[in-house]
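Visitor: As input, take coords.txt (compact mmCIF, C-alpha atoms):
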```
# COMPACT_ATOMS: atom_id res chain seq x y z
CA MET A 37 -17.32 -0.07 -12.57
CA ARG A 38 -15.07 2.07 -10.42
CA VAL A 39 -12.61 0.30 -8.16
CA ARG A 40 -9.62 1.50 -6.18
CA ILE A 41 -6.74 0.12 -4.23
CA ARG A 42 -7.74 -2.05 -1.19
CA ASP A 43 -10.87 -3.31 -3.00
CA PHE A 44 -10.97 -6.99 -3.97
CA VAL A 45 -12.65 -8.52 -7.02
CA VAL A 46 -13.99 -12.05 -7.50
CA THR A 47 -14.00 -13.64 -10.97
CA LYS A 48 -16.35 -16.20 -12.45
CA GLU A 49 -13.89 -18.91 -11.41
CA LYS A 50 -14.13 -17.61 -7.81
CA TRP A 51 -10.54 -16.43 -7.96
CA ILE A 52 -10.12 -13.55 -5.55
CA PHE A 53 -7.82 -10.68 -6.56
CA ALA A 54 -6.65 -7.63 -4.61
CA VAL A 55 -6.92 -4.40 -6.61
CA VAL A 56 -3.46 -2.82 -6.61
CA CYS A 57 -4.08 0.59 -8.17
CA TYR A 58 -6.72 3.25 -8.69
CA GLU A 59 -8.87 2.89 -11.78
CA THR A 60 -10.90 5.72 -13.29
CA GLY A 61 -13.50 3.47 -14.89
CA GLU A 62 -12.32 4.04 -18.46
CA ALA A 63 -10.03 1.01 -18.74
CA SER A 64 -11.41 -2.36 -19.86
CA ASP A 65 -9.42 -4.23 -17.22
CA VAL A 66 -8.19 -3.81 -13.66
CA LYS A 67 -4.63 -4.19 -12.33
CA CYS A 68 -4.75 -6.77 -9.56
CA LEU A 69 -2.84 -9.42 -7.63
CA LEU A 70 -4.27 -12.91 -7.27
CA ARG A 71 -4.55 -13.76 -3.56
CA TYR A 72 -6.97 -16.70 -3.10
CA ILE A 73 -8.16 -19.62 -5.21
CA PRO A 74 -10.66 -22.44 -4.52
CA ASP A 75 -8.87 -25.54 -3.27
CA ALA A 76 -10.48 -28.57 -1.64
CA GLU A 77 -7.35 -28.90 0.53
CA GLY A 78 -7.20 -25.22 1.42
CA ASP A 79 -7.04 -24.05 5.02
CA ARG A 80 -9.55 -21.17 4.66
CA THR A 81 -13.31 -21.25 4.18
CA ARG A 82 -15.68 -18.80 2.48
CA ALA A 83 -19.40 -19.51 2.06
CA GLY A 84 -18.79 -23.19 2.76
CA GLU A 85 -16.01 -23.52 0.16
CA ARG A 86 -12.32 -24.02 0.87
CA PHE A 87 -9.69 -21.64 -0.44
CA ARG A 88 -5.92 -21.43 -0.54
CA LYS A 89 -3.86 -18.25 -0.24
CA LEU A 90 -1.16 -17.68 -2.86
CA ASP A 91 2.06 -15.79 -2.25
CA PHE A 92 3.42 -13.34 -4.80
CA ALA A 93 5.44 -15.82 -6.89
CA ALA A 94 2.79 -18.55 -6.75
CA SER A 95 0.11 -16.18 -8.03
CA TYR A 96 2.12 -15.47 -11.18
CA GLU A 97 2.87 -19.16 -11.71
CA PHE A 98 -0.81 -20.05 -11.33
CA LEU A 99 -1.85 -17.48 -13.94
CA ARG A 100 0.90 -18.58 -16.34
CA ARG A 101 -0.68 -22.04 -16.30
CA HIS A 102 -4.37 -21.13 -16.27
CA ARG A 103 -4.80 -17.58 -17.60
CA PRO A 104 -1.62 -16.35 -19.31
CA GLU A 105 -3.67 -13.60 -20.96
CA TYR A 106 -4.05 -12.04 -17.49
CA LEU A 107 -0.30 -11.37 -17.42
CA ARG A 108 0.95 -8.27 -19.18
CA GLY A 109 4.59 -7.65 -18.45
CA VAL A 110 4.97 -7.21 -14.70
CA PHE A 111 1.22 -6.66 -14.20
CA GLN A 112 -1.67 -8.96 -13.50
CA VAL A 113 -4.86 -7.64 -15.11
CA VAL A 114 -8.42 -8.87 -14.85
CA PRO A 115 -10.90 -8.01 -17.64
CA LYS A 116 -13.91 -6.24 -16.20
CA ASP A 117 -16.27 -8.63 -17.96
CA ALA A 118 -14.69 -11.49 -15.98
CA ILE A 119 -15.52 -9.88 -12.63
CA GLU A 120 -18.62 -11.14 -10.86
CA GLU A 121 -18.28 -9.33 -7.55
CA VAL A 122 -16.49 -6.30 -6.13
CA LEU A 123 -15.68 -6.43 -2.41
CA ARG A 124 -15.48 -2.94 -0.94
CA PRO A 125 -13.88 -2.34 2.49
CA SER A 126 -16.43 0.24 3.64
CA SER A 127 -19.41 -1.95 2.72
CA VAL A 128 -18.16 -5.01 4.62
CA LEU A 129 -16.90 -3.30 7.80
CA PRO A 130 -20.23 -3.12 9.71
CA ALA A 131 -20.85 -6.87 9.38
CA VAL A 132 -17.26 -7.77 10.29
CA ALA A 133 -17.32 -5.44 13.32
CA ALA A 134 -20.55 -7.06 14.49
CA ARG A 135 -18.83 -10.46 14.53
CA ASP A 136 -15.34 -9.55 15.73
CA GLU A 137 -14.85 -7.56 18.92
CA ARG A 138 -11.31 -6.52 17.95
CA VAL A 139 -12.51 -4.93 14.71
CA ARG A 140 -15.44 -3.39 16.54
CA LYS A 141 -13.10 -1.80 19.11
CA ILE A 142 -10.91 -0.24 16.41
CA ALA A 143 -13.94 1.10 14.54
CA GLU A 144 -15.41 2.55 17.75
CA ILE A 145 -12.14 4.28 18.67
CA PHE A 146 -11.95 5.93 15.25
CA SER A 147 -15.64 6.83 15.31
CA GLU A 148 -15.32 8.43 18.74
CA GLY A 149 -12.35 10.38 17.38
CA GLY A 150 -14.52 11.93 14.69
CA ILE A 151 -13.99 9.78 11.60
CA PRO A 152 -17.28 9.15 9.72
CA ALA A 153 -18.37 5.53 9.45
CA GLU A 154 -18.48 5.70 5.63
CA LYS A 155 -14.80 6.74 5.56
CA MET A 156 -13.65 3.54 7.27
CA GLY A 157 -13.29 0.00 5.97
CA ILE A 158 -11.51 -3.32 6.34
CA THR A 159 -9.50 -5.12 3.67
CA GLY A 160 -7.26 -8.16 3.31
CA SER A 161 -8.49 -11.56 4.46
CA PHE A 162 -11.26 -10.00 6.60
CA LEU A 163 -12.75 -8.33 3.53
CA CYS A 164 -12.90 -11.68 1.74
CA GLY A 165 -14.19 -13.59 4.78
CA LEU A 166 -11.05 -15.74 4.66
CA GLN A 167 -9.29 -14.65 7.84
CA THR A 168 -7.83 -17.14 10.29
CA ALA A 169 -7.28 -16.92 14.03
CA HIS A 170 -3.79 -15.57 13.31
CA SER A 171 -4.73 -12.96 10.68
CA ASP A 172 -3.68 -9.37 11.20
CA ILE A 173 -6.23 -6.61 10.62
CA ASP A 174 -5.91 -4.27 7.64
CA PHE A 175 -8.04 -1.24 8.49
CA VAL A 176 -8.76 1.31 5.75
CA ILE A 177 -9.26 5.07 6.13
CA TYR A 178 -10.50 7.12 3.15
CA GLY A 179 -9.27 10.67 2.58
CA VAL A 180 -6.14 12.66 3.47
CA GLU A 181 -7.61 14.56 6.42
CA ASN A 182 -9.34 11.49 7.86
CA PHE A 183 -6.11 9.51 7.64
CA LYS A 184 -4.16 12.26 9.37
CA LYS A 185 -6.74 12.26 12.14
CA ALA A 186 -6.63 8.44 12.36
CA ARG A 187 -2.88 8.48 13.02
CA GLU A 188 -3.41 11.05 15.77
CA ILE A 189 -6.13 8.83 17.27
CA VAL A 190 -3.86 5.76 17.24
CA LYS A 191 -1.10 7.75 18.95
CA TYR A 192 -3.42 9.09 21.67
CA ALA A 193 -5.21 5.74 22.21
CA THR A 194 -1.90 3.90 22.52
CA GLU A 195 -0.34 6.39 24.89
CA SER A 196 -3.51 6.44 27.03
CA GLY A 197 -3.69 2.64 27.20
CA GLU A 198 -6.91 2.26 25.21
CA LEU A 199 -4.88 0.40 22.58
CA ASP A 200 -2.00 -1.92 23.44
CA GLU A 201 1.60 -1.24 22.45
CA LEU A 202 3.22 -3.47 19.89
CA SER A 203 5.67 -5.84 21.54
CA ASP A 204 9.21 -6.24 20.30
CA GLU A 205 8.21 -9.70 19.11
CA MET A 206 5.48 -8.16 16.94
CA TRP A 207 7.86 -5.54 15.54
CA ARG A 208 10.33 -8.28 14.63
CA ARG A 209 7.58 -10.26 12.92
CA ILE A 210 6.63 -7.20 10.87
CA TYR A 211 10.30 -6.63 10.01
CA GLU A 212 10.74 -10.21 8.82
CA LYS A 213 7.57 -9.95 6.74
CA ARG A 214 8.77 -6.75 5.04
CA ARG A 215 12.42 -7.81 4.66
CA PRO A 216 13.69 -4.26 4.14
CA SER A 217 17.30 -3.43 3.29
CA ILE A 218 17.65 -1.36 6.48
CA SER A 219 18.48 -2.74 9.90
CA TYR A 220 15.81 -3.77 12.39
CA ASP A 221 16.60 -0.88 14.74
CA VAL A 222 16.36 1.71 11.95
CA PHE A 223 13.18 0.11 10.61
CA LYS A 224 11.51 0.13 14.03
CA ALA A 225 12.52 3.74 14.73
CA HIS A 226 10.88 4.89 11.49
CA GLU A 227 7.76 2.76 11.91
CA MET A 228 7.11 3.87 15.49
CA ARG A 229 6.84 7.53 14.49
CA LYS A 230 4.32 6.87 11.73
CA TRP A 231 1.47 5.84 14.06
CA ASN A 232 -0.18 3.83 11.30
CA ARG A 233 -0.07 0.63 13.33
CA GLY A 234 -1.77 -0.36 16.54
CA CYS A 235 -2.49 -3.39 18.66
CA VAL A 236 -5.62 -4.92 20.20
CA GLY A 237 -4.66 -7.69 22.59
CA ASN A 238 -2.40 -10.06 20.67
CA THR A 239 -3.49 -8.77 17.24
CA TYR A 240 -1.80 -5.90 15.47
CA PHE A 241 -3.51 -3.81 12.85
CA ASP A 242 -2.34 -1.60 9.99
CA VAL A 243 -4.10 1.65 9.16
CA LEU A 244 -4.06 1.94 5.37
CA PHE A 245 -4.69 5.09 3.37
CA VAL A 246 -6.97 5.22 0.34
CA ARG A 247 -7.80 8.37 -1.61
CA ASP A 248 -11.34 9.59 -1.36
CA TRP A 249 -13.09 9.88 -4.73
CA SER A 250 -12.67 13.66 -4.57
CA GLU A 251 -8.87 13.21 -4.35
CA MET A 252 -8.46 11.19 -7.54
CA GLY A 253 -7.10 14.06 -9.64
CA GLY A 254 -3.69 13.35 -11.17
CA ILE A 255 -3.92 9.57 -10.76
CA ARG A 256 -3.02 8.91 -14.40
CA ASP A 257 0.17 10.96 -14.00
CA ILE A 258 1.30 8.83 -11.08
CA TYR A 259 1.07 5.56 -12.99
CA LYS A 260 2.45 6.62 -16.35
CA ARG A 261 6.01 5.59 -17.08
CA GLY A 262 8.49 8.06 -18.48
CA GLU A 263 11.67 7.79 -20.48
CA ARG A 264 14.30 5.95 -18.47
CA VAL A 265 17.34 8.13 -17.78
CA CYS A 266 19.41 5.88 -15.53
CA ARG A 267 19.60 4.34 -12.08
CA ALA A 268 20.80 6.79 -9.50
CA ARG A 269 20.92 7.84 -5.87
CA ILE A 270 19.67 11.27 -4.83
CA SER A 271 19.58 13.51 -1.77
CA ALA A 272 16.59 15.83 -1.51
CA ILE A 273 14.37 17.75 0.85
CA VAL A 274 10.69 16.82 1.02
CA ARG A 275 8.45 19.75 0.07
CA ASP A 276 5.08 17.94 0.02
CA ALA A 277 4.21 14.61 1.67
CA THR A 278 0.43 14.81 1.30
CA TYR A 279 0.31 11.39 -0.35
CA ALA A 280 3.26 9.81 1.46
CA PHE A 281 1.01 6.99 2.74
CA ASP A 282 -0.58 6.30 -0.64
CA SER A 283 0.35 3.42 -2.94
CA PRO A 284 2.62 4.36 -4.54
CA ALA A 285 3.87 6.72 -1.86
CA VAL A 286 4.43 10.13 -3.45
CA TYR A 287 7.01 12.61 -2.20
CA GLU A 288 7.38 15.95 -3.95
CA VAL A 289 10.98 16.96 -3.39
CA GLU A 290 13.64 19.54 -4.16
CA THR A 291 17.03 18.11 -4.95
CA LEU A 292 19.80 19.39 -2.69
CA LYS A 293 22.28 21.60 -4.54
CA GLY A 294 25.69 20.09 -4.96
CA ARG A 295 24.35 16.58 -4.30
CA GLU A 296 21.91 16.35 -7.16
CA LEU A 297 22.28 12.94 -8.71
CA ARG A 298 24.80 10.13 -8.51
CA ALA A 299 24.52 7.60 -11.31
CA LEU A 300 24.58 3.93 -10.36
CA SER A 301 24.08 2.21 -13.70
CA GLY A 302 22.47 2.52 -17.08
CA CYS A 303 23.96 5.74 -18.40
CA GLY A 304 27.66 5.79 -17.62
CA GLU A 305 28.73 9.22 -16.47
CA LEU A 306 26.04 11.85 -16.32
CA LYS A 307 26.53 14.57 -18.91
CA GLU A 308 24.26 16.98 -17.08
CA ILE A 309 23.14 17.64 -13.54
CA LEU A 310 19.57 16.41 -13.15
CA SER A 311 17.15 17.41 -10.45
CA VAL A 312 14.24 15.22 -9.36
CA GLU A 313 10.77 16.59 -8.63
CA LYS A 314 9.10 13.46 -7.25
CA ILE A 315 10.03 10.25 -5.53
CA LEU A 316 7.59 7.35 -5.97
CA SER A 317 7.88 4.31 -3.73
CA PHE A 318 5.87 1.23 -4.62
CA THR A 319 7.10 -0.59 -1.52
CA HIS A 320 4.78 -0.33 1.48
CA THR A 321 7.78 -0.28 3.82
CA TYR A 322 8.62 3.25 2.68
CA ALA A 323 5.09 4.67 2.82
CA GLY A 324 5.08 7.59 5.26
CA GLN A 325 8.84 7.32 5.55
CA ALA A 326 9.44 11.09 5.49
CA PHE A 327 7.52 14.30 6.09
CA GLU A 328 7.74 17.91 4.93
CA GLY A 329 11.09 19.56 5.62
CA GLU A 330 13.02 16.32 6.09
CA ILE A 331 16.05 15.29 4.05
CA VAL A 332 15.85 11.96 2.27
CA GLU A 333 18.13 9.71 0.30
CA ALA A 334 16.64 7.40 -2.28
CA GLN A 335 17.82 5.25 -5.12
CA GLY A 336 16.03 3.78 -8.08
CA VAL A 337 15.26 4.36 -11.73
CA VAL A 338 15.17 8.00 -12.83
CA GLU A 339 12.47 8.69 -15.42
CA ARG A 340 11.66 11.80 -17.43
CA THR A 341 7.95 12.11 -18.15
CA SER A 342 6.34 13.63 -21.23
CA ASP A 343 5.73 16.93 -19.41
CA GLY A 344 9.45 17.25 -18.62
CA GLU A 345 9.14 16.27 -14.97
CA THR A 346 11.83 14.01 -13.56
CA GLU A 347 10.95 11.25 -11.09
CA ALA A 348 12.86 8.70 -9.06
CA ASP A 349 10.83 5.51 -9.37
CA CYS A 350 11.66 3.31 -6.36
CA ARG A 351 9.53 0.31 -7.29
CA ASP A 352 11.94 -2.26 -5.95
CA ASN A 353 14.79 -0.27 -4.47
CA GLU A 354 15.78 1.08 -1.11
CA GLY A 355 15.05 4.46 0.35
CA SER A 356 15.93 6.05 3.65
CA THR A 357 15.56 9.24 5.59
CA ARG A 358 17.74 10.99 8.10
```
Go ahead and render the structure in this file as structure tokens.
Guide:
Amino acid sequence: MRVRIRDFVVTKEKWIFAVVCYETGEASDVKCLLRYIPDAEGDRTRAGERFRKLDFAASYEFLRRHRPEYLRGVFQVVPKDAIEEVLRPSSVLPAVAARDERVRKIAEIFSEGGIPAEKMGITGSFLCGLQTAHSDIDFVIYGVENFKKAREIVKYATESGELDELSDEMWRRIYEKRRPSISYDVFKAHEMRKWNRGCVGNTYFDVLFVRDWSEMGGIRDIYKRGERVCRARISAIVRDATYAFDSPAVYEVETLKGRELRALSGCGELKEILSVEKILSFTHTYAGQAFEGEIVEAQGVVERTSDGETEADCRDNEGSTR
């Protein structure tokens, strides 16, 4: 069983989990996040059965009560032998597009722009068949070059009027959903230049990146934790942003001389000047936040990996560009 981020899995109890990382097929379990559970009072329906959506905190509380063995530290894991069904975005898209004209329009725009049908998909509530009239659309593009092209297509289609522009009300709704530490004006300015969001009528959609299977090299290195050095703030120049829209977002950087590392907590005064080779952001808000040649500031936990590389791990901390 090979799964990757944006897939969903369904267990024998009909619990529906979102896959939150890439798996190589060697592990006996899959890192996930519980999203939907059967509930007779639920407001969503799948195959004639009612379901309820769980928020982040509620999903952990539910598993603490019913499957504490699925909790390992900060992770939720599902044993592969408990999985009855894997929902894949690319497999479901044709049927969803046939039923929903908004999804069909997005797929047609990308197809006309040159993105192969098998490199597109749909995830989130649409993938599970649990969307409501108010659900946003989470559209998936597989592969670095396809995703780059998709952003160009969204930009052109929006500027030409084929897609609608996001209203200020929509931008504010997105901002409130993300709750970033930056101001609304700064958030909107960054998001508008990414071109990974579009609008069809009154529905906005995200364009989400997923690595193609041929791009899976180095995945284990991204997820492995290193030795904690301290919490710090850095200034650096981005040298490679190939996987800036991945999850986690990966920025290969060169620390600016004279502004290398400023300790925040965890190690007192630094005894040596440390440079950072990578910034990892596990927060979707800061995916695609910076591109090659741009200067960034980021803060988080600095880790030294077994190969001597130093990373700033921004799992739950702020980052900004300028």
Visitor: Please report, as CSV, each residue of segment 151-189 of chain A lying at most 8 Å from segment 111-134 of chain A, together with the nearest pair of atoms and the separation in Å rounded to one decimal; use only C-alpha atoms, and order rows by chain and ascending residue number.
Guide:
```
residue,atom,partner,partner_atom,distance
A:Glu154,CA,A:Ser126,CA,6.2
A:Lys155,CA,A:Ser126,CA,7.0
A:Met156,CA,A:Ser126,CA,5.6
A:Gly157,CA,A:Ser126,CA,3.9
A:Ile158,CA,A:Pro125,CA,4.6
A:Thr159,CA,A:Pro125,CA,5.3
A:Phe162,CA,A:Val132,CA,7.4
A:Leu163,CA,A:Pro125,CA,6.2
A:Cys164,CA,A:Leu123,CA,7.2
A:Val176,CA,A:Pro125,CA,7.1
```
Visitor: In terms of the shortest atom-to-atom distance over all atoms listed in the file, which of A:Glu195, A:Glu105, A:Glu227, A:Glu328 is closest to Arg208 of chain A?
Guide: A:Glu227
Visitor: Considering all atoms listed in the file, give me a table of residues in segment 147-179 of chain A that are at most 12 Å from segment 67-76 of chain A, with the closest atom pair and distance in Å for each, as CSV.
Guide:
```
residue,atom,partner,partner_atom,distance
A:Gly160,CA,A:Arg71,CA,9.3
A:Ser161,CA,A:Arg71,CA,9.2
A:Cys164,CA,A:Tyr72,CA,9.2
A:Gly165,CA,A:Tyr72,CA,11.1
A:Leu166,CA,A:Tyr72,CA,8.8
A:Gln167,CA,A:Tyr72,CA,11.4
```
Visitor: Please list, as a PDB file with C-alpha atoms, keeping the file's coordinate frame, the residues that have an atom at most 10 Å away from (3.9, 4.9, 1.2) in the coordinates of this file, counting all atoms listed in the file.
Guide:
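The resulting selection07.pdb:
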```
ATOM      1  CA  LEU A 244      -4.060   1.940   5.370  1.00  0.00           C
ATOM      2  CA  PHE A 245      -4.690   5.090   3.370  1.00  0.00           C
ATOM      3  CA  ALA A 277       4.210  14.610   1.670  1.00  0.00           C
ATOM      4  CA  TYR A 279       0.310  11.390  -0.350  1.00  0.00           C
ATOM      5  CA  ALA A 280       3.260   9.810   1.460  1.00  0.00           C
ATOM      6  CA  PHE A 281       1.010   6.990   2.740  1.00  0.00           C
ATOM      7  CA  ASP A 282      -0.580   6.300  -0.640  1.00  0.00           C
ATOM      8  CA  SER A 283       0.350   3.420  -2.940  1.00  0.00           C
ATOM      9  CA  PRO A 284       2.620   4.360  -4.540  1.00  0.00           C
ATOM     10  CA  ALA A 285       3.870   6.720  -1.860  1.00  0.00           C
ATOM     11  CA  VAL A 286       4.430  10.130  -3.450  1.00  0.00           C
ATOM     12  CA  TYR A 287       7.010  12.610  -2.200  1.00  0.00           C
ATOM     13  CA  LEU A 316       7.590   7.350  -5.970  1.00  0.00           C
ATOM     14  CA  SER A 317       7.880   4.310  -3.730  1.00  0.00           C
ATOM     15  CA  PHE A 318       5.870   1.230  -4.620  1.00  0.00           C
ATOM     16  CA  THR A 319       7.100  -0.590  -1.520  1.00  0.00           C
ATOM     17  CA  HIS A 320       4.780  -0.330   1.480  1.00  0.00           C
ATOM     18  CA  THR A 321       7.780  -0.280   3.820  1.00  0.00           C
ATOM     19  CA  TYR A 322       8.620   3.250   2.680  1.00  0.00           C
ATOM     20  CA  ALA A 323       5.090   4.670   2.820  1.00  0.00           C
ATOM     21  CA  GLY A 324       5.080   7.590   5.260  1.00  0.00           C
ATOM     22  CA  GLN A 325       8.840   7.320   5.550  1.00  0.00           C
ATOM     23  CA  ALA A 326       9.440  11.090   5.490  1.00  0.00           C
TER      24      ALA A 326
END
```
Visitor: Need the shell around Ile142 of chain A: protein/DNA/RNA residues with any atom at most 9 Å away, counting all atoms listed in the file. Skip same-chain ones fewer than 6 positions apart. Format as a ChimeraX atom specification?
Guide: /A:133,175,199,236,241
Visitor: Go through A:Val39, A:Ala193, A:Cys235, A:Ala225 and flag the residue nearest Asp248 of chain A, using all atoms listed in the file for the distances.
Guide: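 Using all atoms listed in the file, Asp248 of chain A sits closest to A:Val39.
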Visitor: State, in Å with one decimal place, the distance from atom CA of Tyr220 of chain A to atom CA of Trp207 of chain A.
Guide: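 If I compute the distance from atom CA of Tyr220 of chain A to atom CA of Trp207 of chain A, I get 8.7 Å.
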Visitor: Point out the residue among A:Arg214, A:Lys184, A:Lys191, A:Arg82 with the least atom-to-atom distance to Ile145 of chain A, counting all atoms listed in the file.
Guide: A:Lys191
Visitor: Enumerate, as a ChimeraX atom specification, the protein, DNA and RNA residues whose atoms approach (-8.1, 5.9, 19.1) to within 12 Å, taking into account all atoms listed in the file and the coordinate frame of the file.
Guide: /A:141-151,185-200,231-236,243
Visitor: So, with only C-alpha atoms as the atoms that count, which of A:Asp43, A:Glu85, A:Glu313, A:Glu181 lies closest to Cys57 of chain A?
Guide: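 Of A:Asp43, A:Glu85, A:Glu313, A:Glu181, the one nearest Cys57 of chain A, counting only C-alpha atoms, is A:Asp43.
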